[in-house]
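*Asks:* final39.pdb is reproduced below (PDB, C-alpha atoms).
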```
ATOM      1  CA  MET L   1      55.937 117.846  17.764
ATOM      2  CA  PHE L   2      55.107 116.426  21.192
ATOM      3  CA  VAL L   3      56.773 113.077  21.859
ATOM      4  CA  SER L   4      55.830 111.231  25.018
ATOM      5  CA  PRO L   5      58.674 109.510  26.865
ATOM      6  CA  PRO L   6      58.518 105.723  27.176
ATOM      7  CA  TYR L   7      56.803 104.583  30.374
ATOM      8  CA  PRO L   8      54.229 101.919  31.185
ATOM      9  CA  GLU L   9      50.714 102.985  30.208
ATOM     10  CA  VAL L  10      49.396 102.093  33.662
ATOM     11  CA  ILE L  11      51.257 105.092  35.123
ATOM     12  CA  VAL L  12      48.996 107.608  33.366
ATOM     13  CA  PRO L  13      45.745 106.755  35.170
ATOM     14  CA  LEU L  14      47.573 105.946  38.420
ATOM     15  CA  VAL L  15      49.084 109.430  38.693
ATOM     16  CA  PHE L  16      45.677 110.955  37.987
ATOM     17  CA  ILE L  17      43.818 108.693  40.429
ATOM     18  CA  PHE L  18      46.370 109.175  43.203
ATOM     19  CA  SER L  19      46.170 112.938  42.777
ATOM     20  CA  VAL L  20      42.388 112.779  43.286
ATOM     21  CA  VAL L  21      42.763 110.430  46.248
ATOM     22  CA  PHE L  22      45.301 112.671  48.008
ATOM     23  CA  ALA L  23      43.497 115.933  47.183
ATOM     24  CA  VAL L  24      39.908 114.879  47.921
ATOM     25  CA  ALA L  25      39.333 111.390  49.309
ATOM     26  CA  LEU L  26      41.997 111.064  52.003
ATOM     27  CA  PRO L  27      41.424 114.539  53.504
ATOM     28  CA  ILE L  28      37.691 113.807  53.713
ATOM     29  CA  LEU L  29      38.445 110.461  55.333
ATOM     30  CA  CYS L  30      40.854 112.064  57.836
ATOM     31  CA  ARG L  31      38.327 114.765  58.672
ATOM     32  CA  SER L  32      35.547 112.202  59.125
ATOM     33  CA  LEU L  33      37.689 110.006  61.366
ATOM     34  CA  PHE L  34      38.692 112.999  63.497
ATOM     35  CA  ALA L  35      35.095 114.207  63.758
ATOM     36  CA  ASN L  36      33.983 110.711  64.749
ATOM     37  CA  LYS L  37      36.739 110.556  67.370
ATOM     38  CA  MET L  38      35.639 113.920  68.825
ATOM     39  CA  ARG L  39      31.906 113.166  68.559
ATOM     40  CA  GLY L  40      31.063 112.674  72.242
ATOM     41  CA  ARG L  41      33.367 115.340  73.636
ATOM     42  CA  GLN L  42      32.450 118.817  74.793
ATOM     43  CA  TYR L  43      35.671 120.309  73.421
ATOM     44  CA  THR L  44      38.894 119.430  71.631
ATOM     45  CA  SER L  45      42.316 120.211  73.017
ATOM     46  CA  ALA L  46      44.590 122.440  70.974
ATOM     47  CA  GLY L  47      47.230 119.695  70.764
ATOM     48  CA  GLU L  48      44.849 117.146  69.277
ATOM     49  CA  TRP L  49      43.482 119.677  66.822
ATOM     50  CA  LEU L  50      46.985 120.771  65.718
ATOM     51  CA  ARG L  51      47.962 117.148  65.150
ATOM     52  CA  PHE L  52      44.841 116.670  63.012
ATOM     53  CA  GLU L  53      45.592 119.828  60.999
ATOM     54  CA  ARG L  54      49.202 118.747  60.451
ATOM     55  CA  ILE L  55      48.104 115.326  59.170
ATOM     56  CA  LEU L  56      45.460 116.893  56.939
ATOM     57  CA  LEU L  57      47.952 119.340  55.469
ATOM     58  CA  CYS L  58      50.596 116.662  54.899
ATOM     59  CA  VAL L  59      48.115 114.389  53.142
ATOM     60  CA  ALA L  60      46.779 117.148  50.887
ATOM     61  CA  MET L  61      50.195 118.541  50.004
ATOM     62  CA  VAL L  62      51.268 115.264  48.386
ATOM     63  CA  THR L  63      49.104 116.217  45.391
ATOM     64  CA  PRO L  64      51.398 118.952  44.000
ATOM     65  CA  PHE L  65      54.138 116.328  43.750
ATOM     66  CA  PHE L  66      51.858 114.230  41.550
ATOM     67  CA  ALA L  67      51.354 117.313  39.359
ATOM     68  CA  LEU L  68      55.120 117.683  39.139
ATOM     69  CA  ALA L  69      55.419 114.018  38.159
ATOM     70  CA  ALA L  70      52.706 114.472  35.533
ATOM     71  CA  HIS L  71      54.629 117.407  34.100
ATOM     72  CA  ILE L  72      57.964 115.564  34.075
ATOM     73  CA  LEU L  73      56.426 112.454  32.505
ATOM     74  CA  ARG L  74      54.536 114.572  29.959
ATOM     75  CA  LEU L  75      51.250 112.796  30.558
ATOM     76  CA  PRO L  76      48.426 113.225  28.053
ATOM     77  CA  ARG L  77      46.668 116.581  28.276
ATOM     78  CA  PHE L  78      43.513 115.285  29.994
ATOM     79  CA  HIS L  79      45.367 113.505  32.793
ATOM     80  CA  TYR L  80      47.906 116.303  33.182
ATOM     81  CA  ALA L  81      45.186 118.948  33.425
ATOM     82  CA  GLY L  82      43.191 116.876  35.913
ATOM     83  CA  THR L  83      46.249 116.346  38.076
ATOM     84  CA  ALA L  84      47.113 120.048  37.941
ATOM     85  CA  ILE L  85      43.548 120.997  38.887
ATOM     86  CA  MET L  86      43.656 118.587  41.839
ATOM     87  CA  ALA L  87      46.952 120.140  42.960
ATOM     88  CA  LEU L  88      45.488 123.642  42.758
ATOM     89  CA  TYR L  89      42.418 122.491  44.672
ATOM     90  CA  ALA L  90      44.511 120.914  47.432
ATOM     91  CA  VAL L  91      46.726 123.966  47.810
ATOM     92  CA  TYR L  92      43.791 126.383  47.743
ATOM     93  CA  TYR L  93      41.388 124.520  50.003
ATOM     94  CA  TYR L  94      43.760 123.159  52.653
ATOM     95  CA  TYR L  95      46.011 126.218  52.913
ATOM     96  CA  PRO L  96      45.848 127.218  56.591
ATOM     97  CA  SER L  97      44.309 130.671  56.237
ATOM     98  CA  LYS L  98      43.042 132.552  59.280
ATOM     99  CA  ARG L  99      39.468 132.132  58.101
ATOM    100  CA  ARG L 100      39.713 128.359  57.664
ATOM    101  CA  ILE L 101      41.528 127.925  60.976
ATOM    102  CA  ALA L 102      38.847 129.946  62.773
ATOM    103  CA  PHE L 103      36.127 127.875  61.076
ATOM    104  CA  ASP L 104      37.736 124.556  62.058
ATOM    105  CA  LYS L 105      38.302 125.743  65.616
ATOM    106  CA  ARG L 106      34.647 126.686  65.862
ATOM    107  CA  ILE L 107      33.459 123.390  64.376
ATOM    108  CA  PHE L 108      35.610 121.225  66.655
ATOM    109  CA  ARG L 109      35.234 123.525  69.704
ATOM    110  CA  VAL L 110      38.972 123.872  70.276
ATOM    111  CA  ARG L 111      40.107 125.142  73.667
ATOM    112  CA  GLU L 112      43.491 126.771  73.932
TER     113      GLU L 112
END
```
Represent the structure contained in this file as structure tokens.
*Replies:*
Amino acid sequence: MFVSPPYPEVIVPLVFIFSVVFAVALPILCRSLFANKMRGRQYTSAGEWLRFERILLCVAMVTPFFALAAHILRLPRFHYAGTAIMALYAVYYYYPSKRRIAFDKRIFRVRE
């Protein structure tokens, strides 16, 4: 039988909410702030764009650690599954594939 370890009940929704914030909300906020910063420019330098990508990746990759915490704490199935899905989303969407890098470079008009 499944026995949940003793922990404060407030941790369950917090882990879930923070996983959504780090997988979805903060990357969108970072992207919006960067786009707003680059709005009036003709191009973006490679250094600025790499810094933005590094920040975006670091923010999104916090989510798998929340999934690990959810697994260790044995959260209820709903919250654990939601946290795991957010971790998979963050890893899948923000993984720096050649296609996504080319798309972002085109969007932000990056000059090497």
*Asks:* Using all atoms listed in the file, which residues of region 53-83 of chain L come within 9 Å of region 9-22 of chain L, and what is the closest atom pair for each, with the distance in Å to one decimal? Give it as a Markdown table, sorted by chain and residue number.
*Replies:*
```
| residue | atom | partner | partner_atom | distance |
| --- | --- | --- | --- | --- |
| L:Val59 | CA | L:Phe22 | CA | 6.1 |
| L:Ala60 | CA | L:Phe22 | CA | 5.5 |
| L:Met61 | CA | L:Phe22 | CA | 7.9 |
| L:Val62 | CA | L:Phe22 | CA | 6.5 |
| L:Thr63 | CA | L:Ser19 | CA | 5.1 |
| L:Pro64 | CA | L:Ser19 | CA | 8.1 |
| L:Phe65 | CA | L:Ser19 | CA | 8.7 |
| L:Phe66 | CA | L:Ser19 | CA | 6.0 |
| L:Ala67 | CA | L:Ser19 | CA | 7.6 |
| L:Ala69 | CA | L:Val15 | CA | 7.8 |
| L:Ala70 | CA | L:Val15 | CA | 7.0 |
| L:Leu73 | CA | L:Val12 | CA | 8.9 |
| L:Leu75 | CA | L:Val12 | CA | 6.3 |
| L:Pro76 | CA | L:Val12 | CA | 7.8 |
| L:His79 | CA | L:Phe16 | CA | 5.8 |
| L:Tyr80 | CA | L:Phe16 | CA | 7.5 |
| L:Gly82 | CA | L:Phe16 | CA | 6.7 |
| L:Thr83 | CA | L:Phe16 | CA | 5.4 |
```
*Asks:* Using only C-alpha atoms, determine which residues lie at most 9 Å from Arg111 (chain L), disregarding the query and same-chain residues fewer than 4 positions distant; provide the list as a ChimeraX atom specification.
*Replies:* /L:43-46,105
*Asks:* Generate the output file for the selected residues, C-alpha atoms, as a PDB file, in the frame of the given file.
*Replies:*
```pdb
ATOM      1  CA  TYR L  43      35.671 120.309  73.421  1.00  0.00           C
ATOM      2  CA  THR L  44      38.894 119.430  71.631  1.00  0.00           C
ATOM      3  CA  SER L  45      42.316 120.211  73.017  1.00  0.00           C
ATOM      4  CA  ALA L  46      44.590 122.440  70.974  1.00  0.00           C
ATOM      5  CA  LYS L 105      38.302 125.743  65.616  1.00  0.00           C
TER       6      LYS L 105
END
```
*Asks:* Convert the output of the PyMOL selection byres ((chain L and resi 89) around 10) on the shown file into explicit residues, formatted as a PDB file with C-alpha atoms, in the coordinates of the input.
*Replies:*
```
ATOM      1  CA  VAL L  20      42.388 112.779  43.286  1.00  0.00           C
ATOM      2  CA  ALA L  23      43.497 115.933  47.183  1.00  0.00           C
ATOM      3  CA  VAL L  24      39.908 114.879  47.921  1.00  0.00           C
ATOM      4  CA  ALA L  60      46.779 117.148  50.887  1.00  0.00           C
ATOM      5  CA  THR L  63      49.104 116.217  45.391  1.00  0.00           C
ATOM      6  CA  PRO L  64      51.398 118.952  44.000  1.00  0.00           C
ATOM      7  CA  THR L  83      46.249 116.346  38.076  1.00  0.00           C
ATOM      8  CA  ALA L  84      47.113 120.048  37.941  1.00  0.00           C
ATOM      9  CA  ILE L  85      43.548 120.997  38.887  1.00  0.00           C
ATOM     10  CA  MET L  86      43.656 118.587  41.839  1.00  0.00           C
ATOM     11  CA  ALA L  87      46.952 120.140  42.960  1.00  0.00           C
ATOM     12  CA  LEU L  88      45.488 123.642  42.758  1.00  0.00           C
ATOM     13  CA  ALA L  90      44.511 120.914  47.432  1.00  0.00           C
ATOM     14  CA  VAL L  91      46.726 123.966  47.810  1.00  0.00           C
ATOM     15  CA  TYR L  92      43.791 126.383  47.743  1.00  0.00           C
ATOM     16  CA  TYR L  93      41.388 124.520  50.003  1.00  0.00           C
ATOM     17  CA  TYR L  94      43.760 123.159  52.653  1.00  0.00           C
ATOM     18  CA  TYR L  95      46.011 126.218  52.913  1.00  0.00           C
TER      19      TYR L  95
END
```
*Asks:* Using only C-alpha atoms, which residues sit within 12 Å of Ile55 (chain L) once same-chain residues fewer than 6 positions away are excluded, as a list in words?
*Replies:*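 After dropping sequence-adjacent residues, the list is Phe22, Leu26, Pro27, Ile28, Leu29, Cys30, Arg31, Leu33, Phe34, Glu48, Trp49, Met61, Val62 and Tyr94 of chain L.
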*Asks:* Output C-alpha atoms of each residue in that selection to a file, as a PDB file, in the coordinates of the input.
*Replies:*
```
ATOM      1  CA  PHE L  22      45.301 112.671  48.008  1.00  0.00           C
ATOM      2  CA  LEU L  26      41.997 111.064  52.003  1.00  0.00           C
ATOM      3  CA  PRO L  27      41.424 114.539  53.504  1.00  0.00           C
ATOM      4  CA  ILE L  28      37.691 113.807  53.713  1.00  0.00           C
ATOM      5  CA  LEU L  29      38.445 110.461  55.333  1.00  0.00           C
ATOM      6  CA  CYS L  30      40.854 112.064  57.836  1.00  0.00           C
ATOM      7  CA  ARG L  31      38.327 114.765  58.672  1.00  0.00           C
ATOM      8  CA  LEU L  33      37.689 110.006  61.366  1.00  0.00           C
ATOM      9  CA  PHE L  34      38.692 112.999  63.497  1.00  0.00           C
ATOM     10  CA  GLU L  48      44.849 117.146  69.277  1.00  0.00           C
ATOM     11  CA  TRP L  49      43.482 119.677  66.822  1.00  0.00           C
ATOM     12  CA  MET L  61      50.195 118.541  50.004  1.00  0.00           C
ATOM     13  CA  VAL L  62      51.268 115.264  48.386  1.00  0.00           C
ATOM     14  CA  TYR L  94      43.760 123.159  52.653  1.00  0.00           C
TER      15      TYR L  94
END
```
*Asks:* Tell me, in Å to one decimal, how far CA of Arg77 (chain L) is from CA of Leu57 (chain L).
*Replies:*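 Computing the Euclidean distance for CA of Arg77 (chain L) and CA of Leu57 (chain L) yields 27.4 Å.
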*Asks:* Grab the CA of Pro6 (chain L) to CA of Arg74 (chain L) distance for me, in Å with one decimal place.
*Replies:* 10.1 Å
*Asks:* What is the CA of Arg54 (chain L)-CA of Asp104 (chain L) distance in Å, reported with one decimal?
*Replies:*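 Distance between the two atoms: 13.0 Å.
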*Asks:* Would you kindly identify which residues have an atom no farther than 12 Å from (30.7, 123.2, 66.8), using only C-alpha atoms and the file's own coordinates, and write them out as a list in words?
*Replies:*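 Protein and nucleic acid residues near the point are Ala35, Met38, Arg39, Gly40, Arg41, Gln42, Tyr43, Thr44, Ala102, Phe103, Asp104, Lys105, Arg106, Ile107, Phe108, Arg109, Val110 and Arg111 of chain L.
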